[in-house]
>>> print(open('entry-v7.pdb').read())   # PDB, C-alpha atoms
ATOM      1  CA  MET J 119      82.418 119.589 109.612
ATOM      2  CA  ALA J 120      82.858 120.977 106.095
ATOM      3  CA  ARG J 121      85.787 119.722 104.036
ATOM      4  CA  LYS J 122      87.369 123.173 103.930
ATOM      5  CA  ASP J 123      87.274 123.345 107.725
ATOM      6  CA  VAL J 124      88.893 119.907 107.980
ATOM      7  CA  ASP J 125      91.585 121.001 105.531
ATOM      8  CA  SER J 126      92.158 124.147 107.598
ATOM      9  CA  ASN J 127      92.486 122.132 110.822
ATOM     10  CA  GLU J 128      94.897 119.707 109.163
ATOM     11  CA  GLN J 129      97.084 122.559 107.978
ATOM     12  CA  ILE J 130      97.197 123.996 111.492
ATOM     13  CA  ILE J 131      98.266 120.587 112.821
ATOM     14  CA  VAL J 132     100.997 120.431 110.173
ATOM     15  CA  ASP J 133     102.233 123.969 110.772
ATOM     16  CA  GLN J 134     102.077 124.026 114.554
ATOM     17  CA  PHE J 135     102.539 120.395 115.597
ATOM     18  CA  ASP J 136     104.422 118.659 112.748
ATOM     19  CA  GLY J 137     101.468 116.442 111.905
ATOM     20  CA  ILE J 138     100.387 115.155 115.328
ATOM     21  CA  VAL J 139      98.864 117.177 118.157
ATOM     22  CA  PRO J 140     100.840 116.262 121.320
ATOM     23  CA  TYR J 141      97.815 115.129 123.323
ATOM     24  CA  PHE J 142      96.832 112.820 120.446
ATOM     25  CA  GLU J 143     100.205 111.062 120.319
ATOM     26  CA  ALA J 144      98.873 108.278 122.539
ATOM     27  CA  PHE J 145      96.224 107.437 119.936
ATOM     28  CA  TYR J 146      98.878 106.850 117.286
ATOM     29  CA  LEU J 147     100.921 104.804 119.718
ATOM     30  CA  GLU J 148      97.903 102.704 120.648
ATOM     31  CA  SER J 149      97.216 102.068 116.957
ATOM     32  CA  LEU J 150     100.821 100.965 116.426
ATOM     33  CA  VAL J 151     100.740  98.727 119.490
ATOM     34  CA  TYR J 152      97.622  97.061 118.101
ATOM     35  CA  ALA J 153      98.852  96.559 114.514
ATOM     36  CA  ALA J 154     102.391  95.541 115.468
ATOM     37  CA  GLY J 155     101.088  93.385 118.318
ATOM     38  CA  ARG J 156      98.792  91.469 115.965
ATOM     39  CA  ALA J 157     101.750  90.830 113.667
ATOM     40  CA  VAL J 158     103.914  89.641 116.564
ATOM     41  CA  GLU J 159     101.182  87.266 117.755
ATOM     42  CA  ALA J 160     100.635  85.871 114.261
ATOM     43  CA  PHE J 161     104.370  85.208 113.916
ATOM     44  CA  LYS J 162     104.301  83.361 117.253
ATOM     45  CA  ARG J 163     101.425  81.217 115.996
ATOM     46  CA  PHE J 164     103.484  80.554 112.869
ATOM     47  CA  ASP J 165     106.367  79.287 115.038
ATOM     48  CA  ASP J 166     104.000  77.041 116.990
ATOM     49  CA  ALA J 167     102.411  75.714 113.802
ATOM     50  CA  VAL J 168     105.796  74.866 112.280
ATOM     51  CA  THR J 169     107.062  73.235 115.480
ATOM     52  CA  GLY J 170     103.847  71.289 115.942
ATOM     53  CA  ARG J 171     103.704  70.347 112.267
ATOM     54  CA  ILE J 172     100.207  71.736 112.024
ATOM     55  CA  ASP J 173      98.301  71.861 108.747
ATOM     56  CA  THR J 174     100.111  73.613 105.888
ATOM     57  CA  ALA J 175      97.265  76.063 105.362
ATOM     58  CA  VAL J 176      97.567  77.214 108.989
ATOM     59  CA  VAL J 177     101.312  77.821 108.670
ATOM     60  CA  VAL J 178     100.870  79.914 105.537
ATOM     61  CA  ALA J 179      97.830  81.738 106.906
ATOM     62  CA  ASN J 180      99.734  82.857 110.009
ATOM     63  CA  VAL J 181     102.578  84.319 107.935
ATOM     64  CA  HIS J 182     100.085  85.964 105.584
ATOM     65  CA  GLU J 183      98.217  87.485 108.543
ATOM     66  CA  ALA J 184     101.416  88.681 110.202
ATOM     67  CA  LEU J 185     102.633  90.381 107.042
ATOM     68  CA  THR J 186      99.250  92.003 106.429
ATOM     69  CA  HIS J 187      99.442  93.620 109.868
ATOM     70  CA  ALA J 188     103.093  94.533 109.186
ATOM     71  CA  ALA J 189     101.890  96.354 106.070
ATOM     72  CA  ALA J 190      99.486  98.335 108.270
ATOM     73  CA  VAL J 191     102.416  99.283 110.516
ATOM     74  CA  SER J 192     104.418 100.341 107.465
ATOM     75  CA  ARG J 193     101.689 102.736 106.323
ATOM     76  CA  PHE J 194     101.979 104.764 109.542
ATOM     77  CA  PHE J 195     105.589 105.569 108.625
ATOM     78  CA  TRP J 196     105.290 105.586 104.827
ATOM     79  CA  PRO J 197     101.662 106.357 103.852
ATOM     80  CA  ALA J 198     100.162 105.047 100.622
ATOM     81  CA  ARG J 199      98.598 108.429  99.910
ATOM     82  CA  GLN J 200     100.494 111.645 100.377
ATOM     83  CA  SER J 201      98.893 114.797 101.743
ATOM     84  CA  PRO J 202     100.457 117.509 103.903
ATOM     85  CA  ILE J 203      99.184 115.964 107.136
ATOM     86  CA  THR J 204     100.022 112.343 106.290
ATOM     87  CA  ALA J 205     103.522 113.346 105.157
ATOM     88  CA  ALA J 206     104.111 115.368 108.343
ATOM     89  CA  ARG J 207     102.650 112.677 110.596
ATOM     90  CA  ALA J 208     104.774 109.985 108.985
ATOM     91  CA  GLN J 209     107.964 112.007 109.334
ATOM     92  CA  LYS J 210     107.208 112.719 112.991
ATOM     93  CA  LEU J 211     106.659 109.018 113.660
ATOM     94  CA  ARG J 212     109.825 108.045 111.790
ATOM     95  CA  HIS J 213     111.674 110.586 113.916
ATOM     96  CA  ALA J 214     110.244 109.132 117.127
ATOM     97  CA  PHE J 215     111.019 105.527 116.160
ATOM     98  CA  GLY J 216     114.369 106.241 114.508
ATOM     99  CA  LEU J 217     113.361 104.808 111.147
ATOM    100  CA  ASP J 218     114.672 105.650 107.699
ATOM    101  CA  ALA J 219     114.685 104.127 104.227
ATOM    102  CA  ASN J 220     116.989 101.336 105.442
ATOM    103  CA  SER J 221     114.140  99.855 107.487
ATOM    104  CA  PRO J 222     112.469  96.699 106.114
ATOM    105  CA  LEU J 223     109.190  98.561 106.703
ATOM    106  CA  TYR J 224     110.136 100.993 103.937
ATOM    107  CA  SER J 225     109.886  98.465 101.098
ATOM    108  CA  ARG J 226     106.549  98.411  99.316
ATOM    109  CA  ASP J 227     107.151  95.339  97.172
ATOM    110  CA  LEU J 228     105.432  92.827  99.449
ATOM    111  CA  ARG J 229     103.076  95.435 100.875
ATOM    112  CA  ASN J 230     101.714  96.219  97.409
ATOM    113  CA  VAL J 231     101.106  92.565  96.562
ATOM    114  CA  LEU J 232      99.259  92.005  99.840
ATOM    115  CA  GLU J 233      97.099  95.103  99.423
ATOM    116  CA  HIS J 234      96.376  94.673  95.709
ATOM    117  CA  TYR J 235      96.446  90.899  95.410
ATOM    118  CA  ASP J 236      93.611  90.793  92.878
ATOM    119  CA  GLU J 237      95.447  93.111  90.474
ATOM    120  CA  TYR J 238      98.716  91.214  90.849
ATOM    121  CA  LEU J 239      96.847  87.953  90.223
ATOM    122  CA  ASP J 240      95.561  89.384  86.940
ATOM    123  CA  ARG J 241      99.131  90.158  85.831
ATOM    124  CA  PHE J 242     100.537  86.876  87.142
ATOM    125  CA  LEU J 243      98.060  84.792  85.158
ATOM    126  CA  ALA J 244      98.504  86.957  82.063
ATOM    127  CA  GLN J 245     102.259  86.304  82.146
ATOM    128  CA  HIS J 246     102.204  82.638  83.125
ATOM    129  CA  GLN J 247      99.929  80.596  80.902
ATOM    130  CA  VAL J 248     101.926  77.362  80.727
ATOM    131  CA  GLY J 249     103.536  74.997  83.225
ATOM    132  CA  HIS J 250     102.332  73.579  86.524
ATOM    133  CA  PHE J 251     100.070  75.682  88.729
ATOM    134  CA  PHE J 252     100.080  75.436  92.530
ATOM    135  CA  PRO J 253      97.186  77.626  93.740
ATOM    136  CA  GLY J 254      97.012  76.087  97.209
ATOM    137  CA  PRO J 255      99.199  77.053 100.197
ATOM    138  CA  MET J 256     102.576  75.306 100.402
ATOM    139  CA  VAL J 257     105.296  74.869 103.017
ATOM    140  CA  ALA J 258     108.494  74.003 101.186
ATOM    141  CA  SER J 259     111.795  75.392  99.913
ATOM    142  CA  ALA J 260     111.509  78.854  98.381
ATOM    143  CA  ALA J 261     113.905  77.615  95.688
ATOM    144  CA  LEU J 262     110.887  75.984  94.020
ATOM    145  CA  ALA J 263     109.897  79.450  92.854
ATOM    146  CA  ASP J 264     112.999  79.483  90.618
ATOM    147  CA  ASP J 265     111.451  76.840  88.367
ATOM    148  CA  GLN J 266     110.132  78.748  85.363
ATOM    149  CA  LEU J 267     107.372  76.173  84.833
ATOM    150  CA  GLY J 268     106.280  76.075  88.482
ATOM    151  CA  ASN J 269     103.665  78.740  89.088
ATOM    152  CA  ILE J 270     103.428  79.117  92.866
ATOM    153  CA  PHE J 271     100.698  81.219  94.440
ATOM    154  CA  ARG J 272     101.558  81.049  98.170
ATOM    155  CA  LEU J 273     104.529  79.286  99.720
ATOM    156  CA  VAL J 274     106.297  79.662 103.058
ATOM    157  CA  ASP J 275     109.846  78.507 103.636
ATOM    158  CA  PRO J 276     110.341  78.327 107.435
ATOM    159  CA  GLN J 277     114.076  77.652 107.078
ATOM    160  CA  THR J 278     114.963  80.767 105.081
ATOM    161  CA  GLU J 279     111.984  82.796 106.355
ATOM    162  CA  GLU J 280     110.780  83.577 102.846
ATOM    163  CA  PHE J 281     107.232  84.034 101.611
ATOM    164  CA  VAL J 282     106.615  83.316  97.943
ATOM    165  CA  LEU J 283     103.586  85.195  96.705
ATOM    166  CA  LEU J 284     102.556  84.867  93.065
ATOM    167  CA  GLY J 285     105.983  83.617  92.112
ATOM    168  CA  SER J 286     108.000  86.354  93.855
ATOM    169  CA  LYS J 287     110.176  85.615  96.887
ATOM    170  CA  HIS J 288     110.033  87.966  99.876
ATOM    171  CA  ALA J 289     112.215  87.622 102.980
ATOM    172  CA  PHE J 290     110.052  88.125 106.044
ATOM    173  CA  GLY J 291     112.695  87.633 108.741
ATOM    174  CA  PRO J 292     113.870  91.276 108.654
ATOM    175  CA  MET J 293     110.267  92.493 108.563
ATOM    176  CA  ARG J 294     109.458  90.378 111.593
ATOM    177  CA  LYS J 295     112.342  91.903 113.545
ATOM    178  CA  ALA J 296     111.392  95.449 112.531
ATOM    179  CA  VAL J 297     107.780  94.997 113.610
ATOM    180  CA  GLN J 298     108.865  93.530 116.939
ATOM    181  CA  GLU J 299     111.064  96.584 117.525
ATOM    182  CA  VAL J 300     108.210  98.983 116.712
ATOM    183  CA  PHE J 301     105.936  97.033 119.047
ATOM    184  CA  SER J 302     108.444  97.200 121.910
ATOM    185  CA  GLN J 303     109.167 100.895 121.362
ATOM    186  CA  ALA J 304     105.483 101.810 121.145
ATOM    187  CA  GLN J 305     104.729  99.913 124.346
ATOM    188  CA  THR J 306     107.572 101.693 126.133
ATOM    189  CA  MET J 307     106.319 105.084 124.969
ATOM    190  CA  MET J 308     102.785 104.232 126.079
ATOM    191  CA  ASN J 309     104.110 103.268 129.504
ATOM    192  CA  ASN J 310     106.004 106.570 129.666
ATOM    193  CA  GLY J 311     102.898 108.703 129.432
ATOM    194  CA  GLY J 312     101.737 108.026 125.895
ATOM    195  CA  ARG J 313     104.168 110.493 124.322
ATOM    196  CA  LEU J 314     106.433 110.065 121.328
ATOM    197  CA  GLN J 315     110.172 109.879 121.900
ATOM    198  CA  LEU J 316     111.317 112.934 119.976
ATOM    199  CA  ASP J 317     114.686 113.533 121.626
ATOM    200  CA  ARG J 318     116.647 111.785 118.878
ATOM    201  CA  GLU J 319     118.172 113.159 115.698
ATOM    202  CA  LEU J 320     115.541 113.684 113.020
ATOM    203  CA  ARG J 321     115.964 111.372 110.053
ATOM    204  CA  THR J 322     114.719 112.381 106.622
ATOM    205  CA  GLU J 323     114.639 110.728 103.221
TER     206      GLU J 323
END
>>> encode(input="entry-v7.pdb", output="structure tokens")
Amino acid sequence: MARKDVDSNEQIIVDQFDGIVPYFEAFYLESLVYAAGRAVEAFKRFDDAVTGRIDTAVVVANVHEALTHAAAVSRFFWPARQSPITAARAQKLRHAFGLDANSPLYSRDLRNVLEHYDEYLDRFLAQHQVGHFFPGPMVASAALADDQLGNIFRLVDPQTEEFVLLGSKHAFGPMRKAVQEVFSQAQTMMNNGGRLQLDRELRTE
């Protein structure tokens, strides 16, 4: 299909269906169930790894994986690239899930580092050229990141539920809860015929 025809179809979907054709709602829900479900499972593996005192790299990898999937969930509600159809689709989904800018999924700080790690690594190394470098995964207190001479690449603090990535601390407890809620809501909607719950007050930013 020619680009102009695709653009025309997208505009029709925006104008007539607020970004998502009703009989395609199930496809968006299925995608959210998958992404949020992968995050939920990775967080469970993180809990098991911490409880079982499994290898540090495994603990950190599970949190990293969970947050990467959480970033994918976030993009459904707040897309990285704005176009008429993505903006409309995102607003319709936020409406259905009752999300607004107060949601932990709204923040792009951690999401950006995860998605553009190579670029952030360039900046991190350009800014920190002295001190002790810890490039390997760590499980320890996030307070270590406050040491100006301690250059931490990846650290998970299970007690405070913080993920230190390239020296910056990010609380992942609220994100974990938000993703679990999206997962539960999406599953419920799928079980109720694969339709979005649109009978709530529309929230806008």
>>> closest_residue(input="entry-v7.pdb", among="J:Ile270, J:Val158, J:Leu314, J:Ala263", to="Phe251 (chain J)", atoms="only C-alpha atoms")
J:Ile270
>>> closest_residue(input="entry-v7.pdb", among="J:Arg212, J:Lys295, J:Arg193, J:Arg272", to="Ala153 (chain J)", atoms="only C-alpha atoms")
J:Arg193
>>> residues_around(input="entry-v7.pdb", residues="Gly285 (chain J)", least_positions_apart="6", cutoff="10 Å", atoms="all atoms listed in the file", output="PDB file with C-alpha atoms, in the frame of the given file")
ATOM      1  CA  PHE J 242     100.537  86.876  87.142  1.00  0.00           C
ATOM      2  CA  HIS J 246     102.204  82.638  83.125  1.00  0.00           C
ATOM      3  CA  ALA J 260     111.509  78.854  98.381  1.00  0.00           C
ATOM      4  CA  LEU J 262     110.887  75.984  94.020  1.00  0.00           C
ATOM      5  CA  ALA J 263     109.897  79.450  92.854  1.00  0.00           C
ATOM      6  CA  ASP J 264     112.999  79.483  90.618  1.00  0.00           C
ATOM      7  CA  ASP J 265     111.451  76.840  88.367  1.00  0.00           C
ATOM      8  CA  GLN J 266     110.132  78.748  85.363  1.00  0.00           C
ATOM      9  CA  GLY J 268     106.280  76.075  88.482  1.00  0.00           C
ATOM     10  CA  ASN J 269     103.665  78.740  89.088  1.00  0.00           C
ATOM     11  CA  ILE J 270     103.428  79.117  92.866  1.00  0.00           C
ATOM     12  CA  PHE J 271     100.698  81.219  94.440  1.00  0.00           C
ATOM     13  CA  ARG J 272     101.558  81.049  98.170  1.00  0.00           C
ATOM     14  CA  LEU J 273     104.529  79.286  99.720  1.00  0.00           C
TER      15      LEU J 273
END
>>> resolve_selection(input="entry-v7.pdb", expression="the PyMOL selection byres ((chain J and resi 220) around 12)", output="PyMOL selection string")
chain J and resi 212+216-219+221-225+292-293+296+321-323
>>> closest_atom_pairs(input="entry-v7.pdb", of="region 224-294 of chain J", to="region 164-175 of chain J", cutoff="9 Å", atoms="all atoms listed in the file", output="JSON lines")
{"residue": "J:Gly254", "atom": "CA", "partner": "J:Ala175", "partner_atom": "CA", "distance": 8.2}
{"residue": "J:Pro255", "atom": "CA", "partner": "J:Ala175", "partner_atom": "CA", "distance": 5.6}
{"residue": "J:Met256", "atom": "CA", "partner": "J:Thr174", "partner_atom": "CA", "distance": 6.2}
{"residue": "J:Val257", "atom": "CA", "partner": "J:Thr174", "partner_atom": "CA", "distance": 6.1}
{"residue": "J:Pro276", "atom": "CA", "partner": "J:Val168", "partner_atom": "CA", "distance": 7.5}
>>> atom_distance(input="entry-v7.pdb", atom1="CA of Phe195 (chain J)", atom2="CA of Ala120 (chain J)")
27.6 Å
>>> atom_distance(input="entry-v7.pdb", atom1="CA of Ala198 (chain J)", atom2="CA of Ala304 (chain J)")
21.4 Å
>>> residues_around(input="entry-v7.pdb", residues="Glu183 (chain J)", least_positions_apart="2", cutoff="10 Å", atoms="only C-alpha atoms", output="list in words")
Arg156, Ala157, Glu159, Ala160, Phe161, Phe164, Val178, Ala179, Asn180, Val181, Leu185, Thr186, His187, Ala188, Ala189 and Leu232 of chain J
>>> closest_residue(input="entry-v7.pdb", among="J:Gln298, J:Leu228, J:Pro253, J:Phe142", to="Glu280 (chain J)", atoms="all atoms listed in the file")
J:Leu228
>>> resolve_selection(input="entry-v7.pdb", expression="the PyMOL selection byres ((chain J and resi 132) around 12)", output="VMD selection string")
chain J and resid 125 to 131 133 to 140 201 to 210
>>> atom_distance(input="entry-v7.pdb", atom1="CA of Met307 (chain J)", atom2="CA of Val191 (chain J)")
16.1 Å
>>> closest_residue(input="entry-v7.pdb", among="J:Arg163, J:Thr278, J:Arg229, J:Ala190", to="Val151 (chain J)", atoms="only C-alpha atoms")
J:Ala190
>>> axis_aligned_box(input="entry-v7.pdb", around="region 254-261 of chain J", padding_each_side="4 Å", output="lines of an AutoDock Vina configuration file")
center_x = 105.5
center_y = 76.4
center_z = 99.4
size_x = 24.9
size_y = 12.9
size_z = 15.3
>>> resolve_selection(input="entry-v7.pdb", expression="the PyMOL selection byres ((chain J and resi 316) around 8)", output="VMD selection string")
chain J and resid 213 to 214 314 to 315 317 to 318
>>> write_last_selection(input="entry-v7.pdb", atoms="C-alpha atoms", output="PDB file, in the coordinates of the input")
ATOM      1  CA  HIS J 213     111.674 110.586 113.916  1.00  0.00           C
ATOM      2  CA  ALA J 214     110.244 109.132 117.127  1.00  0.00           C
ATOM      3  CA  LEU J 314     106.433 110.065 121.328  1.00  0.00           C
ATOM      4  CA  GLN J 315     110.172 109.879 121.900  1.00  0.00           C
ATOM      5  CA  ASP J 317     114.686 113.533 121.626  1.00  0.00           C
ATOM      6  CA  ARG J 318     116.647 111.785 118.878  1.00  0.00           C
TER       7      ARG J 318
END
>>> residues_around(input="entry-v7.pdb", residues="Gly311 (chain J)", least_positions_apart="6", cutoff="12 Å", atoms="all atoms listed in the file", output="ChimeraX atom specification")
/J:140-145,147-148,304-305
>>> write_last_selection(input="entry-v7.pdb", atoms="C-alpha atoms", output="CSV table (one decimal), keeping the file's coordinate frame")
chain,number,residue,atom,x,y,z
J,140,PRO,CA,100.8,116.3,121.3
J,141,TYR,CA,97.8,115.1,123.3
J,142,PHE,CA,96.8,112.8,120.4
J,143,GLU,CA,100.2,111.1,120.3
J,144,ALA,CA,98.9,108.3,122.5
J,145,PHE,CA,96.2,107.4,119.9
J,147,LEU,CA,100.9,104.8,119.7
J,148,GLU,CA,97.9,102.7,120.6
J,304,ALA,CA,105.5,101.8,121.1
J,305,GLN,CA,104.7,99.9,124.3
>>> closest_residue(input="entry-v7.pdb", among="J:Val248, J:Phe194, J:Val124, J:Arg199", to="Ser149 (chain J)", atoms="all atoms listed in the file")
J:Phe194
>>> closest_residue(input="entry-v7.pdb", among="J:Asn230, J:Ser192, J:Gln245, J:Gln277", to="Ala258 (chain J)", atoms="all atoms listed in the file")
J:Gln277
>>> decode(input="entry-v7.pdb", residues="region 144-172 of chain J", atoms="N, CA and C atoms", output="short mmCIF file (atom, residue, chain, number, x, y, z; two decimals), in the first residue's frame")
data_model
loop_
_atom_site.label_atom_id
_atom_site.label_comp_id
_atom_site.auth_asym_id
_atom_site.auth_seq_id
_atom_site.Cartn_x
_atom_site.Cartn_y
_atom_site.Cartn_z
N ALA J 144 -8.47 -5.70 20.75
CA ALA J 144 -7.90 -6.92 21.34
C ALA J 144 -6.43 -7.08 21.01
N PHE J 145 -6.01 -6.60 19.83
CA PHE J 145 -4.60 -6.73 19.45
C PHE J 145 -3.72 -5.85 20.33
N TYR J 146 -4.21 -4.67 20.67
CA TYR J 146 -3.45 -3.80 21.58
C TYR J 146 -3.42 -4.40 22.98
N LEU J 147 -4.54 -4.94 23.40
CA LEU J 147 -4.59 -5.57 24.72
C LEU J 147 -3.65 -6.77 24.79
N GLU J 148 -3.64 -7.58 23.75
CA GLU J 148 -2.75 -8.74 23.72
C GLU J 148 -1.29 -8.29 23.80
N SER J 149 -0.95 -7.22 23.10
CA SER J 149 0.42 -6.70 23.13
C SER J 149 0.79 -6.21 24.52
N LEU J 150 -0.15 -5.57 25.21
CA LEU J 150 0.10 -5.10 26.57
C LEU J 150 0.21 -6.26 27.54
N VAL J 151 -0.63 -7.27 27.37
CA VAL J 151 -0.54 -8.46 28.22
C VAL J 151 0.84 -9.10 28.08
N TYR J 152 1.32 -9.17 26.84
CA TYR J 152 2.64 -9.78 26.61
C TYR J 152 3.75 -8.96 27.27
N ALA J 153 3.83 -7.65 26.94
CA ALA J 153 4.92 -6.82 27.45
C ALA J 153 4.87 -6.71 28.98
N ALA J 154 3.69 -6.42 29.51
CA ALA J 154 3.56 -6.29 30.97
C ALA J 154 3.79 -7.64 31.65
N GLY J 155 3.31 -8.71 31.03
CA GLY J 155 3.49 -10.05 31.59
C GLY J 155 4.94 -10.45 31.67
N ARG J 156 5.72 -10.08 30.64
CA ARG J 156 7.16 -10.39 30.66
C ARG J 156 7.85 -9.63 31.79
N ALA J 157 7.41 -8.38 32.01
CA ALA J 157 7.99 -7.60 33.10
C ALA J 157 7.65 -8.22 34.45
N VAL J 158 6.40 -8.61 34.62
CA VAL J 158 5.95 -9.23 35.87
C VAL J 158 6.75 -10.50 36.14
N GLU J 159 6.94 -11.33 35.13
CA GLU J 159 7.68 -12.58 35.30
C GLU J 159 9.14 -12.31 35.64
N ALA J 160 9.73 -11.32 35.00
CA ALA J 160 11.14 -10.99 35.29
C ALA J 160 11.28 -10.49 36.73
N PHE J 161 10.31 -9.71 37.20
CA PHE J 161 10.36 -9.25 38.59
C PHE J 161 10.23 -10.43 39.56
N LYS J 162 9.42 -11.41 39.21
CA LYS J 162 9.29 -12.61 40.06
C LYS J 162 10.62 -13.37 40.11
N ARG J 163 11.28 -13.47 38.97
CA ARG J 163 12.59 -14.13 38.94
C ARG J 163 13.61 -13.35 39.76
N PHE J 164 13.47 -12.04 39.76
CA PHE J 164 14.34 -11.19 40.59
C PHE J 164 14.13 -11.53 42.06
N ASP J 165 12.87 -11.62 42.49
CA ASP J 165 12.57 -11.98 43.88
C ASP J 165 13.19 -13.33 44.24
N ASP J 166 13.03 -14.30 43.36
CA ASP J 166 13.56 -15.64 43.61
C ASP J 166 15.09 -15.62 43.68
N ALA J 167 15.70 -14.82 42.81
CA ALA J 167 17.16 -14.75 42.78
C ALA J 167 17.70 -14.11 44.06
N VAL J 168 17.01 -13.07 44.55
CA VAL J 168 17.44 -12.41 45.78
C VAL J 168 17.26 -13.35 46.97
N THR J 169 16.10 -14.00 47.04
CA THR J 169 15.82 -14.92 48.14
C THR J 169 16.78 -16.10 48.14
N GLY J 170 17.06 -16.61 46.96
CA GLY J 170 17.95 -17.76 46.84
C GLY J 170 19.41 -17.41 46.79
N ARG J 171 19.70 -16.10 46.91
CA ARG J 171 21.09 -15.62 46.86
C ARG J 171 21.82 -16.14 45.63
N ILE J 172 21.14 -16.04 44.52
CA ILE J 172 21.71 -16.47 43.24
C ILE J 172 22.72 -15.43 42.77
#
